[in-house]
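Q: See model19.cif below, with mmCIF, C-alpha atoms.
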```cif
data_start
#
loop_
_atom_site.group_PDB
_atom_site.id
_atom_site.type_symbol
_atom_site.label_atom_id
_atom_site.label_comp_id
_atom_site.auth_asym_id
_atom_site.auth_seq_id
_atom_site.Cartn_x
_atom_site.Cartn_y
_atom_site.Cartn_z
ATOM 1 C CA MET S 1 111.320 -82.192 14.330
ATOM 2 C CA PRO S 2 109.880 -85.713 14.634
ATOM 3 C CA THR S 3 112.305 -88.559 15.113
ATOM 4 C CA SER S 4 111.403 -90.237 11.820
ATOM 5 C CA TYR S 5 112.990 -87.374 9.842
ATOM 6 C CA TYR S 6 116.312 -87.901 11.587
ATOM 7 C CA LEU S 7 116.063 -91.662 11.068
ATOM 8 C CA VAL S 8 115.456 -91.280 7.330
ATOM 9 C CA LEU S 9 118.462 -88.948 7.102
ATOM 10 C CA SER S 10 120.604 -91.376 9.087
ATOM 11 C CA PHE S 11 119.687 -94.240 6.815
ATOM 12 C CA ALA S 12 120.341 -92.101 3.746
ATOM 13 C CA LEU S 13 123.841 -91.454 5.128
ATOM 14 C CA PHE S 14 124.311 -95.175 5.682
ATOM 15 C CA LEU S 15 123.138 -95.914 2.137
ATOM 16 C CA ILE S 16 125.560 -93.374 0.660
ATOM 17 C CA GLY S 17 128.397 -94.818 2.732
ATOM 18 C CA THR S 18 127.531 -98.349 1.642
ATOM 19 C CA SER S 19 127.502 -97.344 -2.024
ATOM 20 C CA GLY S 20 130.924 -95.753 -1.568
ATOM 21 C CA VAL S 21 132.319 -98.879 0.079
ATOM 22 C CA LEU S 22 130.938 -101.189 -2.598
ATOM 23 C CA LEU S 23 131.514 -99.184 -5.755
ATOM 24 C CA ARG S 24 134.834 -97.435 -5.315
ATOM 25 C CA ARG S 25 138.249 -98.908 -6.057
ATOM 26 C CA ASN S 26 140.337 -96.402 -4.105
ATOM 27 C CA ALA S 27 140.853 -97.810 -0.612
ATOM 28 C CA LEU S 28 140.936 -94.301 0.877
ATOM 29 C CA ILE S 29 137.443 -93.538 -0.417
ATOM 30 C CA VAL S 30 136.282 -96.905 0.901
ATOM 31 C CA LEU S 31 137.512 -95.913 4.374
ATOM 32 C CA MET S 32 135.626 -92.612 4.027
ATOM 33 C CA GLY S 33 132.507 -94.598 3.133
ATOM 34 C CA ILE S 34 132.924 -96.560 6.364
ATOM 35 C CA GLU S 35 133.146 -93.273 8.272
ATOM 36 C CA LEU S 36 129.890 -92.167 6.640
ATOM 37 C CA GLN S 37 128.238 -95.420 7.703
ATOM 38 C CA LEU S 38 129.400 -94.947 11.298
ATOM 39 C CA ASN S 39 128.025 -91.422 11.282
ATOM 40 C CA GLY S 40 124.669 -92.657 10.004
ATOM 41 C CA GLY S 41 124.553 -95.068 12.937
ATOM 42 C CA ASN S 42 125.496 -92.283 15.330
ATOM 43 C CA LEU S 43 122.716 -90.063 14.035
ATOM 44 C CA ALA S 44 120.159 -92.853 14.566
ATOM 45 C CA LEU S 45 121.432 -93.390 18.121
ATOM 46 C CA LEU S 46 121.090 -89.694 18.906
ATOM 47 C CA ALA S 47 117.628 -89.517 17.354
ATOM 48 C CA PHE S 48 116.386 -92.398 19.517
ATOM 49 C CA SER S 49 118.135 -90.955 22.555
ATOM 50 C CA ARG S 50 116.209 -87.731 22.033
ATOM 51 C CA GLN S 51 112.919 -89.560 21.387
ATOM 52 C CA LEU S 52 113.195 -91.609 24.588
ATOM 53 C CA GLY S 53 114.708 -88.867 26.736
ATOM 54 C CA ASP S 54 117.551 -91.231 27.646
ATOM 55 C CA GLN S 55 121.186 -90.148 27.567
ATOM 56 C CA LYS S 56 122.540 -93.669 27.176
ATOM 57 C CA GLY S 57 122.310 -93.229 23.404
ATOM 58 C CA GLN S 58 124.596 -90.215 23.619
ATOM 59 C CA VAL S 59 127.158 -92.137 25.658
ATOM 60 C CA LEU S 60 127.034 -94.933 23.073
ATOM 61 C CA ALA S 61 127.558 -92.385 20.298
ATOM 62 C CA PHE S 62 130.595 -91.101 22.207
ATOM 63 C CA LEU S 63 132.022 -94.633 22.386
ATOM 64 C CA ILE S 64 131.392 -95.081 18.649
ATOM 65 C CA ILE S 65 133.344 -91.899 17.884
ATOM 66 C CA ALA S 66 136.302 -93.307 19.839
ATOM 67 C CA LEU S 67 135.889 -96.597 17.959
ATOM 68 C CA ALA S 68 135.877 -94.753 14.642
ATOM 69 C CA ALA S 69 139.145 -93.057 15.604
ATOM 70 C CA ALA S 70 140.748 -96.439 16.328
ATOM 71 C CA GLU S 71 139.360 -97.883 13.097
ATOM 72 C CA ALA S 72 140.669 -94.976 11.030
ATOM 73 C CA ALA S 73 144.124 -95.226 12.629
ATOM 74 C CA VAL S 74 144.490 -98.961 11.982
ATOM 75 C CA GLY S 75 142.885 -98.823 8.524
ATOM 76 C CA LEU S 76 145.123 -96.001 7.344
ATOM 77 C CA ALA S 77 148.177 -97.744 8.814
ATOM 78 C CA ILE S 78 147.303 -100.854 6.809
ATOM 79 C CA LEU S 79 146.994 -98.705 3.678
ATOM 80 C CA VAL S 80 150.399 -97.117 4.286
ATOM 81 C CA GLY S 81 151.938 -100.545 4.872
ATOM 82 C CA LEU S 82 150.364 -101.907 1.683
ATOM 83 C CA PHE S 83 151.502 -98.881 -0.286
ATOM 84 C CA ARG S 84 155.101 -99.407 0.845
ATOM 85 C CA GLY S 85 155.092 -102.917 -0.547
ATOM 86 C CA ARG S 86 153.064 -102.577 -3.743
ATOM 87 C CA GLN S 87 152.850 -98.859 -4.645
ATOM 88 C CA THR S 88 149.064 -98.959 -5.015
ATOM 89 C CA VAL S 89 145.860 -98.409 -3.040
ATOM 90 C CA ASN S 90 143.658 -99.855 -5.770
ATOM 91 C CA LEU S 91 141.596 -102.584 -4.149
ATOM 92 C CA ASP S 92 141.405 -104.646 -7.357
ATOM 93 C CA GLU S 93 145.191 -105.025 -7.369
ATOM 94 C CA ILE S 94 145.427 -106.062 -3.733
ATOM 95 C CA THR S 95 144.838 -109.795 -4.038
ATOM 96 C CA LEU S 96 147.272 -111.061 -1.426
ATOM 97 C CA MET S 97 144.769 -113.437 0.165
ATOM 98 C CA LYS S 98 142.975 -114.557 -2.981
ATOM 99 C CA ARG S 99 145.129 -117.529 -3.938
ATOM 100 C CA MET X 100 105.177 -87.969 7.634
ATOM 101 C CA SER X 101 103.994 -84.708 9.079
ATOM 102 C CA ALA X 102 106.253 -82.205 10.715
ATOM 103 C CA GLY X 103 104.244 -82.421 13.938
ATOM 104 C CA GLY X 104 104.668 -79.662 16.456
ATOM 105 C CA ALA X 105 107.983 -78.389 15.142
ATOM 106 C CA SER X 106 108.226 -74.652 14.619
ATOM 107 C CA ILE X 107 108.961 -73.119 11.233
ATOM 108 C CA GLY X 108 112.480 -72.161 12.308
ATOM 109 C CA ASP X 109 113.257 -75.722 13.403
ATOM 110 C CA GLN X 110 112.012 -77.089 10.097
ATOM 111 C CA VAL X 111 114.038 -74.636 8.023
ATOM 112 C CA VAL X 112 117.212 -75.422 9.974
ATOM 113 C CA PHE X 113 116.624 -79.166 9.670
ATOM 114 C CA TRP X 114 116.005 -79.104 5.929
ATOM 115 C CA ILE X 115 119.001 -76.878 5.234
ATOM 116 C CA LEU X 116 121.294 -79.098 7.309
ATOM 117 C CA ALA X 117 119.841 -82.306 5.845
ATOM 118 C CA ALA X 118 120.345 -81.066 2.276
ATOM 119 C CA PHE X 119 123.882 -79.903 3.163
ATOM 120 C CA ILE X 120 124.803 -83.259 4.729
ATOM 121 C CA THR X 121 123.326 -85.365 1.931
ATOM 122 C CA PHE X 122 124.913 -83.258 -0.793
ATOM 123 C CA PHE X 123 128.402 -83.408 0.691
ATOM 124 C CA ALA X 124 128.098 -87.102 1.540
ATOM 125 C CA ILE X 125 127.303 -87.882 -2.103
ATOM 126 C CA PHE X 126 130.066 -85.473 -3.149
ATOM 127 C CA THR X 127 132.497 -87.420 -0.938
ATOM 128 C CA ILE X 128 132.013 -90.781 -2.611
ATOM 129 C CA THR X 129 131.834 -89.456 -6.171
ATOM 130 C CA ARG X 130 135.045 -87.416 -6.288
ATOM 131 C CA ARG X 131 138.011 -88.721 -8.230
ATOM 132 C CA ASN X 132 140.507 -86.618 -6.269
ATOM 133 C CA PRO X 133 140.924 -87.942 -2.686
ATOM 134 C CA VAL X 134 141.730 -84.457 -1.306
ATOM 135 C CA THR X 135 138.376 -83.110 -2.517
ATOM 136 C CA ALA X 136 136.688 -86.165 -1.035
ATOM 137 C CA VAL X 137 138.291 -85.571 2.376
ATOM 138 C CA MET X 138 137.305 -81.906 2.318
ATOM 139 C CA SER X 139 133.668 -82.677 1.530
ATOM 140 C CA LEU X 140 133.694 -85.338 4.263
ATOM 141 C CA VAL X 141 134.800 -82.594 6.678
ATOM 142 C CA ALA X 142 131.864 -80.477 5.457
ATOM 143 C CA THR X 143 129.532 -83.447 6.068
ATOM 144 C CA PHE X 144 130.807 -83.779 9.627
ATOM 145 C CA PHE X 145 130.325 -80.073 10.287
ATOM 146 C CA GLY X 146 126.745 -80.342 9.058
ATOM 147 C CA LEU X 147 126.196 -83.337 11.331
ATOM 148 C CA ALA X 148 127.633 -81.387 14.267
ATOM 149 C CA GLY X 149 125.108 -78.640 13.575
ATOM 150 C CA LEU X 150 122.331 -81.217 13.447
ATOM 151 C CA TYR X 151 123.469 -82.718 16.770
ATOM 152 C CA ALA X 152 123.350 -79.261 18.320
ATOM 153 C CA THR X 153 119.690 -78.898 17.291
ATOM 154 C CA MET X 154 118.925 -82.342 18.802
ATOM 155 C CA SER X 155 120.013 -81.214 22.294
ATOM 156 C CA ALA X 156 123.204 -83.262 22.037
ATOM 157 C CA HIS X 157 125.656 -80.425 22.646
ATOM 158 C CA PHE X 158 128.454 -82.589 23.962
ATOM 159 C CA LEU X 159 128.311 -84.830 20.913
ATOM 160 C CA ALA X 160 128.238 -81.787 18.608
ATOM 161 C CA VAL X 161 131.480 -80.527 20.143
ATOM 162 C CA LEU X 162 133.031 -84.003 19.966
ATOM 163 C CA GLN X 163 132.013 -84.352 16.334
ATOM 164 C CA VAL X 164 133.929 -81.203 15.442
ATOM 165 C CA LEU X 165 136.919 -81.927 17.679
ATOM 166 C CA VAL X 166 137.444 -85.626 17.020
ATOM 167 C CA TYR X 167 135.910 -86.254 13.603
ATOM 168 C CA ALA X 168 136.382 -83.020 11.682
ATOM 169 C CA GLY X 169 139.602 -82.342 13.582
ATOM 170 C CA ALA X 170 141.671 -85.379 14.464
ATOM 171 C CA ILE X 171 140.424 -88.156 12.182
ATOM 172 C CA MET X 172 140.273 -85.959 9.099
ATOM 173 C CA VAL X 173 143.816 -84.641 9.702
ATOM 174 C CA LEU X 174 144.933 -88.278 9.758
ATOM 175 C CA PHE X 175 143.112 -88.856 6.472
ATOM 176 C CA ILE X 176 144.675 -85.777 4.893
ATOM 177 C CA PHE X 177 148.172 -86.915 5.883
ATOM 178 C CA VAL X 178 147.660 -90.358 4.390
ATOM 179 C CA VAL X 179 146.122 -88.911 1.226
ATOM 180 C CA MET X 180 149.179 -86.698 0.820
ATOM 181 C CA ILE X 181 151.478 -89.700 1.271
ATOM 182 C CA LEU X 182 149.569 -91.977 -1.107
ATOM 183 C CA ASN X 183 148.586 -89.478 -3.764
ATOM 184 C CA ARG X 184 148.095 -91.500 -6.944
ATOM 185 C CA GLU X 185 145.930 -90.805 -9.957
ATOM 186 C CA GLU X 186 143.167 -93.315 -10.439
ATOM 187 C CA VAL X 187 142.690 -94.953 -13.796
ATOM 188 C CA ALA X 188 139.182 -96.338 -13.271
ATOM 189 C CA PRO X 189 137.667 -95.225 -9.965
ATOM 190 C CA LEU X 190 134.469 -97.258 -10.173
ATOM 191 C CA ALA X 191 134.375 -100.995 -9.585
ATOM 192 C CA LEU X 192 131.151 -101.884 -11.393
ATOM 193 C CA ARG X 193 130.981 -105.610 -10.838
ATOM 194 C CA PRO X 194 127.596 -107.369 -10.969
ATOM 195 C CA LEU X 195 127.717 -108.552 -7.355
ATOM 196 C CA ARG X 196 128.628 -105.128 -6.016
ATOM 197 C CA VAL X 197 125.919 -103.372 -8.026
ATOM 198 C CA LEU X 198 123.506 -105.976 -6.672
ATOM 199 C CA GLY X 199 124.674 -105.094 -3.163
ATOM 200 C CA VAL X 200 123.957 -101.398 -3.746
ATOM 201 C CA LEU X 201 120.521 -102.269 -5.142
ATOM 202 C CA ALA X 202 119.835 -104.331 -2.013
ATOM 203 C CA ALA X 203 120.864 -101.333 0.120
ATOM 204 C CA VAL X 204 118.493 -99.077 -1.841
ATOM 205 C CA TYR X 205 115.658 -101.590 -1.347
ATOM 206 C CA LEU X 206 116.414 -101.701 2.376
ATOM 207 C CA PHE X 207 116.317 -97.895 2.454
ATOM 208 C CA VAL X 208 112.888 -97.780 0.813
ATOM 209 C CA LYS X 209 111.525 -100.427 3.201
ATOM 210 C CA PHE X 210 112.993 -98.565 6.159
ATOM 211 C CA VAL X 211 111.389 -95.276 5.123
ATOM 212 C CA ASP X 212 108.079 -97.145 4.871
ATOM 213 C CA VAL X 213 108.449 -98.423 8.425
ATOM 214 C CA VAL X 214 109.517 -95.210 10.157
ATOM 215 C CA ALA X 215 106.979 -93.126 8.260
ATOM 216 C CA PHE X 216 104.057 -94.959 9.836
ATOM 217 C CA ASP X 217 105.186 -96.704 12.995
ATOM 218 C CA LEU X 218 106.720 -93.900 15.007
ATOM 219 C CA PRO X 219 104.914 -91.137 16.909
ATOM 220 C CA ALA X 220 104.724 -88.192 14.554
ATOM 221 C CA GLY X 221 105.106 -85.245 16.916
ATOM 222 C CA ALA X 222 108.427 -83.864 18.083
ATOM 223 C CA PRO X 223 109.348 -85.231 21.512
ATOM 224 C CA SER X 224 109.270 -82.696 24.292
ATOM 225 C CA PRO X 225 112.696 -81.828 25.725
ATOM 226 C CA ALA X 226 113.468 -84.107 28.650
ATOM 227 C CA SER X 227 115.182 -81.532 30.852
ATOM 228 C CA ASP X 228 117.372 -78.466 30.622
ATOM 229 C CA THR X 229 120.558 -80.402 31.240
ATOM 230 C CA PHE X 230 119.842 -83.134 28.676
ATOM 231 C CA GLY X 231 122.926 -83.690 26.524
ATOM 232 C CA THR X 232 125.194 -81.196 28.230
ATOM 233 C CA VAL X 233 128.813 -82.068 28.978
ATOM 234 C CA ALA X 234 128.076 -82.335 32.702
ATOM 235 C CA ALA X 235 125.084 -84.657 32.306
ATOM 236 C CA VAL X 236 126.636 -86.961 29.697
ATOM 237 C CA GLY X 237 129.964 -87.014 31.546
ATOM 238 C CA ASP X 238 128.198 -87.927 34.779
ATOM 239 C CA MET X 239 126.520 -90.892 33.097
ATOM 240 C CA LEU X 240 129.762 -91.847 31.338
ATOM 241 C CA PHE X 241 131.739 -92.049 34.577
ATOM 242 C CA ARG X 242 129.009 -93.726 36.644
ATOM 243 C CA ASP X 243 127.128 -96.209 34.456
ATOM 244 C CA PHE X 244 129.622 -96.626 31.614
ATOM 245 C CA LEU X 245 132.924 -96.651 33.461
ATOM 246 C CA TYR X 246 134.014 -100.114 32.259
ATOM 247 C CA PRO X 247 133.185 -99.456 28.575
ATOM 248 C CA PHE X 248 135.042 -96.159 28.933
ATOM 249 C CA GLU X 249 138.164 -97.926 30.241
ATOM 250 C CA ALA X 250 137.805 -100.620 27.587
ATOM 251 C CA ILE X 251 137.755 -97.919 24.909
ATOM 252 C CA SER X 252 140.997 -96.495 26.295
ATOM 253 C CA VAL X 253 142.613 -99.946 26.032
ATOM 254 C CA LEU X 254 141.280 -100.250 22.472
ATOM 255 C CA LEU X 255 142.807 -96.893 21.537
ATOM 256 C CA LEU X 256 146.154 -97.932 23.037
ATOM 257 C CA VAL X 257 146.115 -101.196 21.085
ATOM 258 C CA SER X 258 145.231 -99.395 17.861
ATOM 259 C CA ILE X 259 148.078 -96.903 18.382
ATOM 260 C CA VAL X 260 150.609 -99.697 18.852
ATOM 261 C CA GLY X 261 149.096 -101.668 15.969
ATOM 262 C CA GLY X 262 149.189 -98.652 13.676
ATOM 263 C CA VAL X 263 152.858 -98.015 14.416
ATOM 264 C CA VAL X 264 153.807 -101.679 13.958
ATOM 265 C CA ILE X 265 151.868 -102.115 10.711
ATOM 266 C CA SER X 266 152.913 -98.920 8.985
ATOM 267 C CA ARG X 267 156.539 -98.555 10.049
ATOM 268 C CA SER X 268 159.240 -98.959 7.457
ATOM 269 C CA HIS X 269 161.122 -102.276 7.299
ATOM 270 C CA GLN X 270 163.813 -100.785 5.087
ATOM 271 C CA LYS X 271 166.410 -100.494 7.867
ATOM 272 C CA GLU X 272 166.161 -104.139 8.817
ATOM 273 C CA VAL X 273 166.287 -105.206 5.167
ATOM 274 C CA ASN X 274 169.389 -103.047 4.620
ATOM 275 C CA ALA X 275 171.072 -104.449 7.730
ATOM 276 C CA GLU X 276 170.409 -108.022 6.623
ATOM 277 C CA ARG X 277 171.730 -107.291 3.148
ATOM 278 C CA ALA X 278 174.881 -105.648 4.550
ATOM 279 C CA ALA X 279 175.542 -108.650 6.791
ATOM 280 C CA GLU X 280 175.124 -110.947 3.768
ATOM 281 C CA TYR X 281 177.635 -108.901 1.734
ATOM 282 C CA ARG X 282 180.123 -108.848 4.586
ATOM 283 C CA LYS X 283 179.910 -112.624 4.848
ATOM 284 C CA GLN X 284 180.406 -113.070 1.097
ATOM 285 C CA ILE X 285 183.387 -110.714 0.997
ATOM 286 C CA HIS X 286 184.928 -112.497 3.943
ATOM 287 C CA GLU X 287 184.501 -115.902 2.246
ATOM 288 C CA MET X 288 185.955 -114.651 -1.031
ATOM 289 C CA ALA X 289 188.903 -113.096 0.775
ATOM 290 C CA SER X 290 189.653 -116.207 2.762
ATOM 291 C CA HIS X 291 189.412 -118.255 -0.437
ATOM 292 C CA ASP X 292 191.785 -116.041 -2.393
ATOM 293 C CA TYR X 293 194.215 -115.236 0.420
ATOM 294 C CA PRO X 294 194.033 -118.111 2.864
ATOM 295 C CA GLU X 295 197.184 -117.097 4.758
ATOM 296 C CA ALA X 296 195.927 -113.504 5.116
ATOM 297 C CA ASP X 297 192.969 -114.764 7.049
ATOM 298 C CA GLY X 298 194.362 -115.427 10.498
ATOM 299 C CA ALA X 299 197.999 -114.509 11.076
ATOM 300 C CA SER X 300 199.636 -112.538 8.236
ATOM 301 C CA GLU X 301 202.841 -111.813 10.056
ATOM 302 C CA THR X 302 205.086 -112.429 7.037
ATOM 303 C CA ALA X 303 205.469 -109.288 4.944
ATOM 304 C CA HIS X 304 205.863 -111.218 1.657
ATOM 305 C CA GLY X 305 202.935 -113.615 2.194
ATOM 306 C CA HIS X 306 200.904 -112.631 -0.856
ATOM 307 C CA GLY X 307 199.537 -114.325 -3.998
ATOM 308 C CA GLY X 308 198.489 -117.634 -2.463
ATOM 309 C CA GLY X 309 195.267 -118.634 -4.122
ATOM 310 C CA HIS X 310 195.917 -118.537 -7.850
#
```
Could you express the structure from this file as structure tokens?
A:
Amino acid sequence: MPTSYYLVLSFALFLIGTSGVLLRRNALIVLMGIELQLNGGNLALLAFSRQLGDQKGQVLAFLIIALAAAEAAVGLAILVGLFRGRQTVNLDEITLMKR
Amino acid sequence: MSAGGASIGDQVVFWILAAFITFFAIFTITRRNPVTAVMSLVATFFGLAGLYATMSAHFLAVLQVLVYAGAIMVLFIFVVMILNREEVAPLALRPLRVLGVLAAVYLFVKFVDVVAFDLPAGAPSPASDTFGTVAAVGDMLFRDFLYPFEAISVLLLVSIVGGVVISRSHQKEVNAERAAEYRKQIHEMASHDYPEADGASETAHGHGGGH
């Protein structure tokens, strides 16, 4: 398949992830939206890596997967810590830094 | 966009996987129940792993299943089980946020315009037989990307420590502080009411001092 097909799919994934991040109130779903965005970026990297015949894109995608693991660990830890204090993961009620 | 030199089988596999991925990605962000959302995210990642395998990125396909669909999603499931709360109003439809989504949609349309005309249409020929295998990618990872690789290991270590520090319970310390406070208060009250009982209470009848 031509590279442009993969790129359109990758950007569709990024768009869906962005909509999830912006429109949902549940912090868990927002984190899942971020994962979708990262995967869209990964797909674009792999598509270009295949187009150019260069494996550097695949190594970068590998590093991004490790980064996503770190991001998920810290993000979920923050959610658990917040939930201990305020019994909610609703982003509209978490206004600690708004005053 | 034309499908170029891709065979019918390739096209069928691509369209099935693309529809699968898009469907479950939309499913993920529209579900009210977080457990359903996590499960459809796992399905999305499996579809992506299949797509990677057709793009001669075998190593990344395996990693996608192992790390994403395996490890990260198990973490998500655990946290969802801990924080399971019913949502009252799942959507945050504020004007600025809706505007942001509209901007993203506009960007998507523009992007499709660009890639539909400015990229070579035909499928690229496979670079070599070993392209994307574990051996080839690992060789490049440990030769050209050794420092980023080590930096990623440091990042993972920091995120482990950070995760433990952020999410651990402070209840024990709070309880200990409270107990120390009570002990101090009781001690003060006792020494106020029974001043002679404080230090040396050698006399057997030394009671009833304070009142």
Q: Using the chain letters and numbers from the file, which residues does the PyMOL selection byres ((chain S) within 6 of (chain X)) grab, as a PyMOL selection string?
A: chain S and resi 1-2+4+19-20+22-25+51+53+70+74+77+80-81
Q: Taking 3 positions as the minimum chain separation for residues in the same chain, which residues sit within 9 Å of S:Gly57 when counting only C-alpha atoms? Answer as a PyMOL selection string.
A: chain S and resi 42+45-50+54+60-62
Q: Could you state the separation of atom CA of X:Thr229 and atom CA of S:Gln55 in Å, given to one decimal place?
A: 10.4 Å
Q: What separation in Å, quoted to one decimal, exists between atom CA of S:Ala69 and atom CA of S:Gly40?
A: 15.5 Å
Q: Could you list the residues chosen by the PyMOL selection byres ((chain S and resi 14) around 10) in this structure as a PyMOL selection string?
A: (chain S and resi 8-13+15-20+33-41+43) or (chain X and resi 124+203+207)
Q: What is the distance between atom CA of X:Asp238 and atom CA of X:Gly146, in Å to one decimal?
A: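 Calculated distance between atom CA of X:Asp238 and atom CA of X:Gly146 is 26.9 Å.
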Q: Would you compute the box with edges along x, y and z of the file around stretch 243-254 of chain X, including every atom the file lists for it and 8 Å extra on each side, and give its centre and edge lengths in Å to one decimal, as JSON?
A:
```
{"center_x": 134.9, "center_y": -98.4, "center_z": 28.5, "size_x": 31.5, "size_y": 20.5, "size_z": 28.0}
```
